[in-house]
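Student: I'm passing along my_file-v1.txt; it holds compact mmCIF, C-alpha atoms.
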```
# COMPACT_ATOMS: atom_id res chain seq x y z
CA MET A 1 107.68 70.34 68.55
CA PRO A 2 107.16 73.84 67.11
CA ILE A 3 108.02 77.04 68.94
CA ARG A 4 104.69 78.61 69.90
CA ILE A 5 104.48 82.42 69.83
CA GLY A 6 101.53 84.22 71.40
CA THR A 7 100.44 87.27 69.42
CA GLY A 8 97.15 89.22 69.33
CA GLU A 9 93.88 89.44 67.46
CA HIS A 10 93.92 88.33 63.82
CA GLY A 11 95.25 91.18 61.68
CA GLY A 12 96.36 93.25 64.68
CA THR A 13 99.84 94.60 65.29
CA PHE A 14 101.12 91.70 67.41
CA TYR A 15 99.68 89.22 64.92
CA THR A 16 101.31 90.80 61.86
CA GLN A 17 104.64 91.12 63.67
CA GLY A 18 104.33 87.48 64.70
CA LEU A 19 103.90 86.42 61.07
CA ALA A 20 107.04 88.34 60.10
CA LEU A 21 108.93 86.78 62.99
CA LYS A 22 107.76 83.31 61.98
CA SER A 23 109.05 83.90 58.46
CA VAL A 24 112.61 84.70 59.57
CA LEU A 25 112.78 82.17 62.40
CA GLU A 26 111.80 79.22 60.24
CA ARG A 27 114.74 79.96 57.96
CA ALA A 28 117.23 80.32 60.82
CA PRO A 29 119.53 77.49 61.92
CA ARG A 30 118.65 75.29 64.90
CA ILE A 31 115.03 76.49 65.04
CA PRO A 32 112.15 74.07 64.36
CA ALA A 33 108.76 75.02 62.97
CA VAL A 34 107.04 78.08 64.45
CA GLU A 35 103.36 78.26 65.37
CA ILE A 36 101.57 81.61 65.69
CA VAL A 37 98.94 81.59 68.45
CA GLU A 38 96.27 84.28 68.33
CA SER A 39 95.02 86.07 71.44
CA PRO A 40 91.61 87.35 70.38
CA LEU A 41 90.65 88.81 73.76
CA GLY A 42 93.51 89.27 76.18
CA MET A 43 96.64 90.09 74.15
CA SER A 44 99.38 91.08 76.62
CA ILE A 45 97.53 89.86 79.71
CA GLU A 46 96.35 86.60 78.16
CA ASN A 47 99.81 85.99 76.69
CA ALA A 48 101.45 86.30 80.12
CA ILE A 49 98.97 83.81 81.58
CA ARG A 50 99.55 81.41 78.69
CA LEU A 51 103.32 81.60 79.21
CA ASP A 52 102.82 80.74 82.86
CA ALA A 53 100.63 77.77 81.91
CA GLY A 54 103.17 76.48 79.39
CA GLU A 55 100.71 76.86 76.50
CA ILE A 56 103.14 79.04 74.52
CA ASP A 57 106.93 79.50 74.52
CA PHE A 58 107.25 83.18 73.60
CA ALA A 59 104.79 86.07 73.48
CA PHE A 60 104.35 89.67 72.48
CA ILE A 61 103.64 91.68 75.64
CA SER A 62 103.71 95.42 76.34
CA ALA A 63 106.27 96.48 78.94
CA PRO A 64 103.78 97.65 81.63
CA TRP A 65 102.12 94.24 81.67
CA VAL A 66 105.45 92.41 81.80
CA ALA A 67 106.22 94.36 84.98
CA ALA A 68 102.74 93.80 86.43
CA ALA A 69 102.91 90.06 85.74
CA ARG A 70 106.38 89.78 87.26
CA LYS A 71 105.13 91.43 90.48
CA GLY A 72 101.73 89.71 90.54
CA GLN A 73 99.91 93.05 90.39
CA PRO A 74 96.32 93.31 89.10
CA PRO A 75 94.95 91.93 86.90
CA PHE A 76 97.39 89.09 87.74
CA THR A 77 96.64 87.16 90.90
CA ARG A 78 100.20 86.02 91.56
CA PRO A 79 103.72 86.68 90.20
CA ILE A 80 104.66 85.14 86.86
CA ASP A 81 108.37 84.52 86.33
CA LEU A 82 108.70 86.22 82.95
CA ARG A 83 111.98 87.02 81.21
CA VAL A 84 112.62 89.41 78.33
CA ALA A 85 113.93 87.92 75.09
CA ALA A 86 114.02 90.91 72.71
CA PRO A 87 112.52 94.33 71.99
CA MET A 88 109.95 94.35 69.21
CA ASN A 89 108.91 97.96 68.72
CA LEU A 90 108.25 101.30 70.38
CA GLY A 91 105.07 102.88 69.09
CA PRO A 92 102.33 105.31 70.08
CA ASN A 93 99.03 104.43 71.70
CA PHE A 94 96.73 107.32 70.81
CA PHE A 95 93.17 108.60 70.68
CA ILE A 96 91.50 109.40 67.37
CA ALA A 97 88.23 111.14 66.54
CA ARG A 98 86.43 112.11 63.36
CA ALA A 99 87.83 115.38 62.00
CA ASP A 100 84.31 116.85 61.95
CA SER A 101 83.72 116.06 65.64
CA GLY A 102 85.22 119.19 67.16
CA LEU A 103 87.39 117.07 69.48
CA ARG A 104 91.02 118.19 69.48
CA LYS A 105 92.57 117.19 72.81
CA VAL A 106 92.38 114.11 74.99
CA SER A 107 90.93 116.30 77.74
CA ASP A 108 87.96 117.02 75.40
CA LEU A 109 86.77 113.42 75.88
CA ARG A 110 84.71 114.29 78.96
CA GLY A 111 81.10 113.47 78.30
CA LYS A 112 81.92 111.44 75.19
CA ARG A 113 81.61 107.80 74.20
CA VAL A 114 85.05 106.21 73.70
CA ALA A 115 86.08 102.78 72.38
CA VAL A 116 88.93 101.79 74.68
CA GLY A 117 89.73 98.22 73.58
CA ALA A 118 88.66 94.78 74.75
CA GLN A 119 87.77 94.66 78.45
CA SER A 120 90.08 91.69 79.09
CA GLY A 121 93.02 93.16 77.18
CA GLY A 122 95.83 95.55 78.03
CA MET A 123 94.63 98.60 76.09
CA ALA A 124 91.60 99.36 78.25
CA PRO A 125 93.61 99.63 81.52
CA HIS A 126 96.15 101.75 79.64
CA ALA A 127 93.40 104.12 78.54
CA GLU A 128 92.10 104.16 82.12
CA ALA A 129 95.54 105.20 83.38
CA VAL A 130 95.50 108.11 80.93
CA PHE A 131 92.05 109.17 82.12
CA LEU A 132 93.17 108.99 85.75
CA ALA A 133 96.25 111.12 85.02
CA LEU A 134 94.05 113.75 83.36
CA GLY A 135 91.50 113.72 86.19
CA ILE A 136 88.78 112.08 84.06
CA GLY A 137 86.75 109.98 86.47
CA ALA A 138 84.62 106.86 86.08
CA GLY A 139 81.47 108.86 85.36
CA ASP A 140 83.05 111.50 83.16
CA LEU A 141 82.80 109.53 79.92
CA GLU A 142 81.31 106.29 78.61
CA ARG A 143 83.78 103.44 78.00
CA VAL A 144 82.95 101.05 75.15
CA TYR A 145 84.85 97.75 75.38
CA VAL A 146 85.44 96.38 71.88
CA ASP A 147 88.45 95.20 69.88
CA PHE A 148 90.31 97.47 67.45
CA ALA A 149 88.41 96.45 64.32
CA ALA A 150 85.00 96.83 65.97
CA GLY A 151 86.02 100.15 67.51
CA ALA A 152 87.07 101.47 64.12
CA GLU A 153 83.75 100.45 62.59
CA MET A 154 81.88 102.16 65.42
CA LEU A 155 83.88 105.37 64.95
CA ALA A 156 83.25 105.34 61.21
CA ALA A 157 79.52 104.87 61.83
CA GLY A 158 79.37 107.61 64.47
CA GLU A 159 78.49 105.14 67.22
CA VAL A 160 81.42 106.30 69.35
CA ASP A 161 83.05 109.72 69.52
CA ALA A 162 86.64 108.51 69.77
CA GLN A 163 88.80 105.38 69.78
CA PHE A 164 92.00 104.41 71.59
CA GLN A 165 94.27 103.01 68.91
CA CYS A 166 97.34 100.74 69.02
CA PRO A 167 100.80 101.46 67.52
CA ILE A 168 101.06 102.24 63.84
CA PRO A 169 101.35 101.20 61.13
CA ASN A 170 98.48 98.79 61.50
CA ARG A 171 95.92 97.63 58.94
CA VAL A 172 92.83 98.71 60.89
CA MET A 173 94.14 102.26 61.35
CA ASN A 174 95.30 102.61 57.75
CA GLU A 175 92.00 101.41 56.31
CA LEU A 176 89.98 103.59 58.67
CA SER A 177 91.98 106.72 57.77
CA GLU A 178 91.28 106.16 54.08
CA ARG A 179 87.53 105.88 54.69
CA VAL A 180 87.03 108.66 57.25
CA HIS A 181 88.69 112.02 57.83
CA LEU A 182 90.29 111.65 61.26
CA ARG A 183 92.12 113.73 63.84
CA VAL A 184 94.69 112.51 66.37
CA LEU A 185 93.89 114.01 69.76
CA THR A 186 96.76 115.86 71.41
CA TYR A 187 97.82 116.44 75.01
CA ASP A 188 98.46 119.69 76.81
CA PRO A 189 102.11 119.55 77.97
CA ALA A 190 101.09 119.25 81.63
CA HIS A 191 98.69 116.41 80.82
CA LEU A 192 101.34 114.55 78.83
CA ASP A 193 103.79 114.89 81.73
CA ALA A 194 101.15 113.64 84.17
CA ALA A 195 100.37 110.63 81.98
CA LEU A 196 104.06 109.73 81.67
CA LYS A 197 104.47 109.93 85.45
CA SER A 198 101.48 107.66 86.00
CA MET A 199 102.81 105.11 83.48
CA PRO A 200 106.58 104.95 84.09
CA HIS A 201 107.12 102.26 81.46
CA ASP A 202 105.72 104.49 78.69
CA ARG A 203 107.93 106.93 76.82
CA CYS A 204 107.28 110.18 75.00
CA ILE A 205 107.30 109.51 71.26
CA THR A 206 106.70 111.64 68.17
CA MET A 207 104.00 110.55 65.75
CA ARG A 208 105.38 111.83 62.46
CA LYS A 209 103.50 113.98 59.97
CA GLY A 210 102.07 111.77 57.24
CA SER A 211 101.95 108.61 59.37
CA PHE A 212 98.45 108.18 57.96
CA ARG A 213 95.87 110.46 56.37
CA GLY A 214 94.90 113.11 58.89
CA VAL A 215 98.27 113.44 60.63
CA ASP A 216 99.21 116.87 59.24
CA GLU A 217 102.01 117.67 61.69
CA ASP A 218 104.31 115.93 64.16
CA VAL A 219 102.42 115.08 67.36
CA LEU A 220 103.82 114.09 70.76
CA GLN A 221 102.14 110.96 72.12
CA LEU A 222 102.57 108.21 74.72
CA GLY A 223 104.85 105.47 73.37
CA VAL A 224 104.59 101.88 74.58
CA LEU A 225 107.53 99.46 74.41
CA ASN A 226 106.43 96.05 73.15
CA LEU A 227 108.64 93.06 73.91
CA LEU A 228 109.09 89.44 72.96
CA VAL A 229 108.89 87.70 76.31
CA THR A 230 109.38 84.15 77.52
CA HIS A 231 109.26 82.27 80.82
CA ALA A 232 112.25 81.73 83.11
CA ARG A 233 111.96 77.96 82.60
CA THR A 234 112.30 78.16 78.78
CA ASP A 235 115.39 76.33 77.53
CA ALA A 236 118.33 78.74 77.27
CA ASP A 237 119.54 77.30 73.95
CA THR A 238 116.11 77.85 72.41
CA VAL A 239 116.01 81.46 73.58
CA GLN A 240 119.57 82.05 72.38
CA ASN A 241 118.75 80.70 68.91
CA VAL A 242 115.60 82.82 68.63
CA VAL A 243 117.27 86.04 69.78
CA ARG A 244 120.30 85.44 67.56
CA ALA A 245 117.96 85.06 64.57
CA ILE A 246 116.13 88.29 65.45
CA VAL A 247 119.36 90.27 65.68
CA SER A 248 120.63 88.84 62.40
CA ALA A 249 117.33 89.47 60.59
CA ARG A 250 116.50 92.92 61.96
CA SER A 251 116.69 94.56 58.50
CA GLU A 252 114.55 91.85 56.93
CA LEU A 253 111.98 92.16 59.69
CA VAL A 254 111.53 95.84 58.79
CA ARG A 255 110.96 94.87 55.16
CA LEU A 256 108.36 92.29 56.19
CA ASP A 257 106.52 94.56 58.65
CA PRO A 258 107.13 98.34 59.06
CA LEU A 259 106.28 98.02 62.76
CA PHE A 260 109.85 96.75 63.19
CA ALA A 261 111.25 100.03 61.82
CA GLY A 262 112.83 101.02 65.13
CA LEU A 263 114.17 97.57 66.03
CA GLY A 264 117.73 98.45 65.03
CA GLU A 265 117.74 101.47 67.34
CA LEU A 266 116.29 99.44 70.21
CA LEU A 267 118.99 96.80 69.78
CA GLU A 268 121.63 99.53 69.55
CA MET A 269 120.51 100.75 72.97
CA LEU A 270 121.77 97.46 74.39
CA LYS A 271 125.28 98.47 73.35
CA VAL A 272 124.95 101.90 74.94
CA ARG A 273 123.06 101.02 78.11
CA ASN A 274 123.93 97.33 78.36
CA ARG A 275 120.99 95.42 79.85
CA ALA A 276 119.39 98.48 81.45
CA SER A 277 117.22 99.28 78.42
CA LEU A 278 115.43 95.92 78.65
CA GLU A 279 115.67 95.11 82.36
CA PHE A 280 113.27 97.13 84.50
CA ASP A 281 111.15 96.91 87.62
CA GLY A 282 112.48 93.49 88.62
CA VAL A 283 112.19 92.05 85.10
CA GLU A 284 115.37 90.46 83.75
CA LEU A 285 116.69 89.28 80.41
CA HIS A 286 116.53 85.52 79.92
CA ALA A 287 119.95 83.88 80.29
CA GLY A 288 119.70 82.63 76.70
CA ALA A 289 119.07 86.17 75.48
CA VAL A 290 122.11 87.45 77.39
CA ARG A 291 124.23 84.81 75.64
CA ALA A 292 122.82 85.82 72.24
CA TYR A 293 123.48 89.54 72.77
CA THR A 294 127.00 88.84 73.98
CA GLU A 295 127.61 86.62 70.97
CA THR A 296 126.29 89.17 68.47
CA GLY A 297 127.95 92.20 70.04
CA CYS A 298 124.78 93.91 71.29
```
Take the structure in this file and express it as structure tokens.
Tutor:
Amino acid sequence: MPIRIGTGEHGGTFYTQGLALKSVLERAPRIPAVEIVESPLGMSIENAIRLDAGEIDFAFISAPWVAAARKGQPPFTRPIDLRVAAPMNLGPNFFIARADSGLRKVSDLRGKRVAVGAQSGGMAPHAEAVFLALGIGAGDLERVYVDFAAGAEMLAAGEVDAQFQCPIPNRVMNELSERVHLRVLTYDPAHLDAALKSMPHDRCITMRKGSFRGVDEDVLQLGVLNLLVTHARTDADTVQNVVRAIVSARSELVRLDPLFAGLGELLEMLKVRNRASLEFDGVELHAGAVRAYTETGC
């Protein structure tokens, strides 16, 4: 039976990372075939529910939703016994607008029409947490619930004023930046601090100059930690084999998908901080992952 990995919408960041992961896992010892399972609507949230139902064996999930699922906090109706297998990437979630729009800061979004992601996914609640931290209420702007590709098309056509985008590099963002002159919206320092306090699992991250066309200087943004997660009941040997393969192939994963560029640093944190970098808010490493990290010296 293949190992089933829940990802995201076709062509999205979780999906492309999943394809890279499939490539290295299927060439690793003691691992059978790997099946990539799309999540066209729910992404992190849907993946957690699918893990609980036994429909998939591993999944890409953002850290805030791992914690929410573990505690049974909304949108989850009861606790899900998730366990962390491995870090995948740390990347910015950020707002973009057309360069000719006049919008420069996230606080400028009042009164605007903003594509915030699919309503059943994890991005829309993340955007809502940012709005709450900045004092932007329910009636202060219009939320448009569409996936990344549709949101990009709407921004290009002028049908929305801004879009909440997922970590880069991603195909949708790259293609959009080549078609339309864009601007990444920035935070006032106090607003960035407020957003980080409201989302304790996010981290401050620098979006580097030249990340895509329109990023003309380094910009501080909210960084989300994305994880490969499994269920507590998943066989420990299976988890150990998967995590061992990820550690061994970390350089190849970067070559296959630039989203893995920081994987080496995230794994190095395990040596410095032991399990603390991946265990948080009641979420633990899977026993098979602990064995793999001990075996590989992480």
Student: Could you give me, as a list of chain:residue names, the residues that sit within 9 Å of (105.3, 95.9, 73.2) in the file's coordinates, counting all atoms listed in the file?
Tutor: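 Residues with an atom at most 9 Å from (105.3, 95.9, 73.2): A:Phe14, A:Ser44, A:Phe60, A:Ile61, A:Ser62, A:Ala63, A:Pro64, A:Pro87, A:Met88, A:Asn89, A:Leu90, A:Gly91, A:Val224, A:Leu225, A:Asn226, A:Leu227, A:Leu228.
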Student: Report, in Å to a single decimal, how far apart CA of Thr206 in chain A and CA of Ala59 in chain A are.
Tutor: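 Spanning CA of Ala59 in chain A to CA of Thr206 in chain A is a straight-line distance of 26.2 Å.
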Student: Give me, as a list in words, all polymer residues having an atom no more than 10 Å from Ala289 in chain A, counting all atoms listed in the file and skipping those fewer than 4 positions away in the same chain.
Tutor: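 My list of contacting residues is Arg83, Val84, Ala85, Ala86, Ala236, Asp237, Thr238, Val239, Gln240, Asn241, Val242, Val243, Arg244, Leu285, Tyr293, Thr294 and Glu295 of chain A.
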Student: I need the chosen residues saved as an mmCIF file, keeping the file's coordinate frame, with C-alpha atoms.
Tutor:
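Output below, filename part-v5.cif:
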```cif
data_model
loop_
_atom_site.group_PDB
_atom_site.id
_atom_site.type_symbol
_atom_site.label_atom_id
_atom_site.label_comp_id
_atom_site.auth_asym_id
_atom_site.auth_seq_id
_atom_site.Cartn_x
_atom_site.Cartn_y
_atom_site.Cartn_z
ATOM 1 C CA ARG A 83 111.980 87.020 81.210
ATOM 2 C CA VAL A 84 112.620 89.410 78.330
ATOM 3 C CA ALA A 85 113.930 87.920 75.090
ATOM 4 C CA ALA A 86 114.020 90.910 72.710
ATOM 5 C CA ALA A 236 118.330 78.740 77.270
ATOM 6 C CA ASP A 237 119.540 77.300 73.950
ATOM 7 C CA THR A 238 116.110 77.850 72.410
ATOM 8 C CA VAL A 239 116.010 81.460 73.580
ATOM 9 C CA GLN A 240 119.570 82.050 72.380
ATOM 10 C CA ASN A 241 118.750 80.700 68.910
ATOM 11 C CA VAL A 242 115.600 82.820 68.630
ATOM 12 C CA VAL A 243 117.270 86.040 69.780
ATOM 13 C CA ARG A 244 120.300 85.440 67.560
ATOM 14 C CA LEU A 285 116.690 89.280 80.410
ATOM 15 C CA TYR A 293 123.480 89.540 72.770
ATOM 16 C CA THR A 294 127.000 88.840 73.980
ATOM 17 C CA GLU A 295 127.610 86.620 70.970
#
```
Student: Looking at all atoms listed in the file, which of A:Leu19, A:Ile96, A:Val146, A:Val130 is the one that sits closest to Leu176 in chain A?
Tutor: A:Ile96
Student: Can you pull out every residue within 10 Å of Arg179 in chain A, counting all atoms listed in the file, but drop anything in the same chain fewer than 3 positions away, and send it as a ChimeraX atom specification?
Tutor: /A:156,174-176,182,213
Student: Compare A:Arg27, A:Lys271, A:His286, A:Lys71 by their minimum atom-to-atom distance to Thr230 in chain A, counting all atoms listed in the file, and give me the closest one.
Tutor: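 For Thr230 in chain A, the nearest of the given residues is A:His286.
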Student: Report, in Å to a single decimal, how far apart CA of Glu38 in chain A and CA of Phe260 in chain A are.
Tutor: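 Calculated distance between CA of Phe260 in chain A and CA of Glu38 in chain A is 19.1 Å.
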Student: Can you work out which one of A:Arg30, A:Arg143, A:Arg70, A:Arg50 has the shortest atom-to-atom distance to Arg4 in chain A, counting all atoms listed in the file?
Tutor: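 Of the candidates, the smallest distance to Arg4 in chain A is held by A:Arg50.
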Student: May I have the residues at most 7 Å from (119.9, 93.0, 74.8) in the file's coordinates, counting only C-alpha atoms, as a list of chain:residue names?
Tutor: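 With a cut-off of 7 Å, the residues come to A:Ala86, A:Leu267, A:Leu270, A:Asn274, A:Arg275, A:Leu278, A:Ala289, A:Val290, A:Tyr293, A:Cys298.
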Student: Quick one: pull the distance between CA of Asp81 in chain A and CA of Ile36 in chain A, Å, one decimal.
Tutor: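 Result for CA of Asp81 in chain A versus CA of Ile36 in chain A: 21.9 Å, one decimal.
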Student: Quick one: everything within 10 Å of Asn47 in chain A, counting all atoms listed in the file, minus sequence neighbours fewer than 6 positions away in the same chain. Send it as a PyMOL selection string.
Tutor: chain A and resi 5-8+37-39+53+55-61+65-66+121+229-230
Student: Rank nothing, just name the residue among A:Ala20, A:Thr13, A:Pro92, A:Leu253 nearest to Cys204 in chain A, using all atoms listed in the file.
Tutor: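 Checking each of A:Ala20, A:Thr13, A:Pro92, A:Leu253 against Cys204 in chain A, counting all atoms listed in the file, the winner is A:Pro92.
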Student: Show me, as a PDB file with C-alpha atoms, in the frame of the given file, the residues that have an atom within 7 Å of range 189-194 of chain A when counting all atoms listed in the file, minus same-chain residues fewer than 3 positions from it.
Tutor:
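Okay, result-v5.pdb is ready:
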```
ATOM      1  CA  ALA A 133      96.250 111.120  85.020  1.00  0.00           C
ATOM      2  CA  LEU A 134      94.050 113.750  83.360  1.00  0.00           C
ATOM      3  CA  LYS A 197     104.470 109.930  85.450  1.00  0.00           C
ATOM      4  CA  SER A 198     101.480 107.660  86.000  1.00  0.00           C
TER       5      SER A 198
END
```
Student: Between A:Ala124, A:Ala162, A:Val34, A:Ile246, which one has atoms that come closest to Asp147 in chain A, using all atoms listed in the file?
Tutor: A:Ala124
Student: Which is closer to Ala287 in chain A than all the others in A:Ala149, A:Val116, A:Tyr187, A:Leu82, using all atoms listed in the file?
Tutor: A:Leu82
